[in-house]
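S.K.: The structure that follows is given in the form of structure tokens.
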Amino acid sequence: MKTALLFSILISAPTFAANPPAYQLTHAVTVDPSFSPDGARMVYIVVVAGKEQLFTSDADATKPVQITHDDWRHEDPAWSPDGRKIAFVSLKDGGEVISLMNPDGSGVEPLTPAAVRAIHPNWSPDGVTLAYCTDDDLKPPAKNDSEIDAIDVATRKITRLLTGGINTYPAYSPDGKRLAFRRILGEMNSEVFIANADGSDAKNLTNDPSFDGWPSWAPDGSEIAFASNRRANYQIFVMKPDGSDVRLVANTEGRATAPIWSRDGQSIYFPNCRKVDLGTDCQIFVAPAPH
């Protein structure tokens, strides 16, 4: 009897090993935060129905509010130093025009000429000008030459700062005297450069055979955060403004890029994208700034 009972239990037990594994079906993209001057709010991108829309929320990502609803993409949000405007890239009608709007999404007005494909706006500390670059990705996978310009927000006067080669992701220092940016050198090398605010005296800071870029200044100007694939996958690092004392911010998996500092300099936020099953998730991460 005991043998028969045991045999009955064995043949009726579920065969878990034969069941197919579950996989993640839905995916989300939330990237590119920028903070209000008081650090209490942030603006960022969320892909909604296939379109990049802008949201604002508290700095801890609570109380999200969608502020754009157009049927075109919105990229590269940047909150102005006085908190009154948000600059962003509008892809209306297939172009790339840096535009301004109020923090609630109202009052949208184009800033850069429609004939120029302008991306990656970055405010000067006094809020008078916006540095930006022209699109370097017009002939993918090959990169094309791109310039860094500055536009006076009031007069719309444009000044060319950097030209020759592939120059992107401009970032003003907190005192407005210097400009960090990414320069691509060859097909597999990208470096973080630094120059005077007028584009003169450009110098290579990273000098590494890996792909370095996406510079972001600490609020006190003592460090620059950047992304690099020098440890195989893209991660966030910090360095001194002379390129020394490079340190890893967080040991992340995926593709971490475009870091930005919290207004108090205690944390670094960045989007991190990871392949998950049949898709890719992109989310905003935050890590303590190394000191």
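By convention in this document, the chains of the structure tokens carry letters A, B, ... by their order, each chain's residues are numbered from 1, and ligands are numbered from 1 in the order they are shown.
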Give me the residues near Val65 in chain A as a VMD selection string, where near means some atom within 9 Å (using only C-alpha atoms) and where sequence neighbours in that chain fewer than 5 positions away do not count.
M.R.: chain A and resid 54 to 57 104
S.K.: Report as a list in words all protein, DNA and RNA residues lying within 10 Å of Lys275 in chain A, evaluated on only C-alpha atoms, omitting residues in the same chain fewer than 5 positions from it.
M.R.: His27, Glu253, Gly254, Arg255, Thr280, Asp281 and Cys282 of chain A
S.K.: Report as a Markdown table the residues of range 123-201 of chain A within 6 Å of range 214-221 of chain A, each with its shortest atom pair and distance in Å (one decimal), using only C-alpha atoms, ordered by chain and increasing residue number.
M.R.:
```
| residue | atom | partner | partner_atom | distance |
| --- | --- | --- | --- | --- |
| A:Tyr169 | CA | A:Trp214 | CA | 5.9 |
| A:Ser173 | CA | A:Trp217 | CA | 6.0 |
| A:Pro174 | CA | A:Gly221 | CA | 5.8 |
```
S.K.: Which residue, A:Thr168, A:Asn19, A:Ser228, A:Thr159, has the smallest gap to Val246 in chain A when you use only C-alpha atoms?
M.R.: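 That would be A:Ser228, the residue with the smallest distance to Val246 in chain A.
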S.K.: From the DSSP assignment of the backbone, select every residue of range 103-259 of chain A that is strand (DSSP E), and format the answer as a PyMOL selection string.
M.R.: chain A and resi 109-110+118-123+129-134+148-152+158-162+166-172+178-184+190-196+203-204+212-217+224-231+233-239+247-248+255-256
S.K.: Those selected residues, please, written with C-alpha atoms and delivered as a PDB file, in the first residue's frame.
M.R.:
```pdb
ATOM      1  CA  GLU A 109       7.761  79.799 -28.661  1.00  0.00           C
ATOM      2  CA  PRO A 110      10.555  78.753 -31.040  1.00  0.00           C
ATOM      3  CA  ALA A 118      19.556  72.348 -33.064  1.00  0.00           C
ATOM      4  CA  ILE A 119      19.790  70.022 -30.039  1.00  0.00           C
ATOM      5  CA  HIS A 120      21.084  69.743 -26.446  1.00  0.00           C
ATOM      6  CA  PRO A 121      20.368  73.253 -25.056  1.00  0.00           C
ATOM      7  CA  ASN A 122      22.280  74.323 -21.938  1.00  0.00           C
ATOM      8  CA  TRP A 123      21.632  77.594 -20.083  1.00  0.00           C
ATOM      9  CA  THR A 129      22.174  82.720 -23.413  1.00  0.00           C
ATOM     10  CA  LEU A 130      21.648  79.097 -24.364  1.00  0.00           C
ATOM     11  CA  ALA A 131      24.500  77.025 -25.746  1.00  0.00           C
ATOM     12  CA  TYR A 132      23.483  74.230 -28.103  1.00  0.00           C
ATOM     13  CA  CYS A 133      24.877  72.081 -30.891  1.00  0.00           C
ATOM     14  CA  THR A 134      23.797  71.156 -34.363  1.00  0.00           C
ATOM     15  CA  ILE A 148      28.357  74.508 -30.861  1.00  0.00           C
ATOM     16  CA  ASP A 149      26.598  77.887 -30.902  1.00  0.00           C
ATOM     17  CA  ALA A 150      25.207  80.241 -28.287  1.00  0.00           C
ATOM     18  CA  ILE A 151      21.989  82.191 -28.753  1.00  0.00           C
ATOM     19  CA  ASP A 152      21.026  85.333 -26.846  1.00  0.00           C
ATOM     20  CA  ILE A 158      23.680  83.605 -32.524  1.00  0.00           C
ATOM     21  CA  THR A 159      27.406  83.340 -31.858  1.00  0.00           C
ATOM     22  CA  ARG A 160      29.475  80.404 -33.095  1.00  0.00           C
ATOM     23  CA  LEU A 161      31.628  78.992 -30.298  1.00  0.00           C
ATOM     24  CA  LEU A 162      33.133  75.778 -31.676  1.00  0.00           C
ATOM     25  CA  ILE A 166      31.964  66.716 -34.148  1.00  0.00           C
ATOM     26  CA  ASN A 167      31.208  68.900 -31.117  1.00  0.00           C
ATOM     27  CA  THR A 168      28.165  68.215 -28.934  1.00  0.00           C
ATOM     28  CA  TYR A 169      26.684  68.401 -25.424  1.00  0.00           C
ATOM     29  CA  PRO A 170      27.870  71.873 -24.328  1.00  0.00           C
ATOM     30  CA  ALA A 171      27.736  72.584 -20.581  1.00  0.00           C
ATOM     31  CA  TYR A 172      28.527  75.943 -18.953  1.00  0.00           C
ATOM     32  CA  ARG A 178      34.187  77.780 -19.158  1.00  0.00           C
ATOM     33  CA  LEU A 179      32.397  75.332 -21.384  1.00  0.00           C
ATOM     34  CA  ALA A 180      32.695  71.550 -21.200  1.00  0.00           C
ATOM     35  CA  PHE A 181      31.619  69.570 -24.246  1.00  0.00           C
ATOM     36  CA  ARG A 182      31.979  66.263 -26.061  1.00  0.00           C
ATOM     37  CA  ARG A 183      34.183  65.948 -29.133  1.00  0.00           C
ATOM     38  CA  ILE A 184      34.171  62.744 -31.165  1.00  0.00           C
ATOM     39  CA  SER A 190      34.944  60.392 -27.901  1.00  0.00           C
ATOM     40  CA  GLU A 191      36.449  62.739 -25.329  1.00  0.00           C
ATOM     41  CA  VAL A 192      35.306  65.375 -22.858  1.00  0.00           C
ATOM     42  CA  PHE A 193      36.894  68.721 -23.720  1.00  0.00           C
ATOM     43  CA  ILE A 194      36.949  72.021 -21.876  1.00  0.00           C
ATOM     44  CA  ALA A 195      37.256  75.516 -23.371  1.00  0.00           C
ATOM     45  CA  ASN A 196      36.748  79.121 -22.436  1.00  0.00           C
ATOM     46  CA  LYS A 203      41.678  71.086 -24.238  1.00  0.00           C
ATOM     47  CA  ASN A 204      41.078  67.342 -23.972  1.00  0.00           C
ATOM     48  CA  ASP A 212      33.604  59.519 -23.014  1.00  0.00           C
ATOM     49  CA  GLY A 213      31.009  62.288 -23.122  1.00  0.00           C
ATOM     50  CA  TRP A 214      27.864  63.937 -21.708  1.00  0.00           C
ATOM     51  CA  PRO A 215      29.668  66.338 -19.293  1.00  0.00           C
ATOM     52  CA  SER A 216      27.817  67.991 -16.412  1.00  0.00           C
ATOM     53  CA  TRP A 217      29.278  70.457 -13.896  1.00  0.00           C
ATOM     54  CA  ILE A 224      32.496  67.298 -13.793  1.00  0.00           C
ATOM     55  CA  ALA A 225      30.315  64.211 -14.120  1.00  0.00           C
ATOM     56  CA  PHE A 226      30.431  62.317 -17.404  1.00  0.00           C
ATOM     57  CA  ALA A 227      29.541  58.968 -18.946  1.00  0.00           C
ATOM     58  CA  SER A 228      32.060  56.470 -20.293  1.00  0.00           C
ATOM     59  CA  ASN A 229      32.254  52.890 -21.516  1.00  0.00           C
ATOM     60  CA  ARG A 230      35.793  52.438 -20.170  1.00  0.00           C
ATOM     61  CA  ARG A 231      34.474  49.573 -18.010  1.00  0.00           C
ATOM     62  CA  ASN A 233      29.186  49.172 -20.468  1.00  0.00           C
ATOM     63  CA  TYR A 234      28.376  52.862 -20.087  1.00  0.00           C
ATOM     64  CA  GLN A 235      28.575  54.122 -16.494  1.00  0.00           C
ATOM     65  CA  ILE A 236      28.787  57.486 -14.746  1.00  0.00           C
ATOM     66  CA  PHE A 237      32.076  58.934 -13.501  1.00  0.00           C
ATOM     67  CA  VAL A 238      33.277  62.189 -11.969  1.00  0.00           C
ATOM     68  CA  MET A 239      36.572  64.012 -12.396  1.00  0.00           C
ATOM     69  CA  ARG A 247      36.039  58.037  -9.936  1.00  0.00           C
ATOM     70  CA  LEU A 248      33.100  55.730 -10.635  1.00  0.00           C
ATOM     71  CA  ARG A 255      23.743  52.077 -20.705  1.00  0.00           C
ATOM     72  CA  ALA A 256      24.018  55.016 -18.290  1.00  0.00           C
TER      73      ALA A 256
END
```
S.K.: Between CA of Asp245 in chain A and CA of Pro271 in chain A, measure the distance and give it in Å to one decimal.
M.R.: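 Separation of CA of Asp245 in chain A and CA of Pro271 in chain A: 23.4 Å.
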S.K.: Grab the CA of Phe35 in chain A to CA of Asp76 in chain A distance for me, in Å with one decimal place.
M.R.: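 Taking CA of Phe35 in chain A as the start and CA of Asp76 in chain A as the end point, the length is 12.4 Å.
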S.K.: Work out how far apart CA of Gln53 in chain A and CA of His69 in chain A are and give it in Å to one decimal.
M.R.: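 Value for the CA of Gln53 in chain A-CA of His69 in chain A distance: 6.7 Å.
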S.K.: Which residue out of A:Ser146, A:Ser80, A:Thr155, A:Ser267 has the minimum interatomic distance to Asp126 in chain A when only C-alpha atoms are used?
M.R.: A:Ser80
S.K.: Using only C-alpha atoms, which residue out of A:Ser106, A:Phe285, A:Val249, A:Pro290 lies closest to Gln266 in chain A?
M.R.: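 Ranking A:Ser106, A:Phe285, A:Val249, A:Pro290 by distance to Gln266 in chain A, first place goes to A:Pro290.
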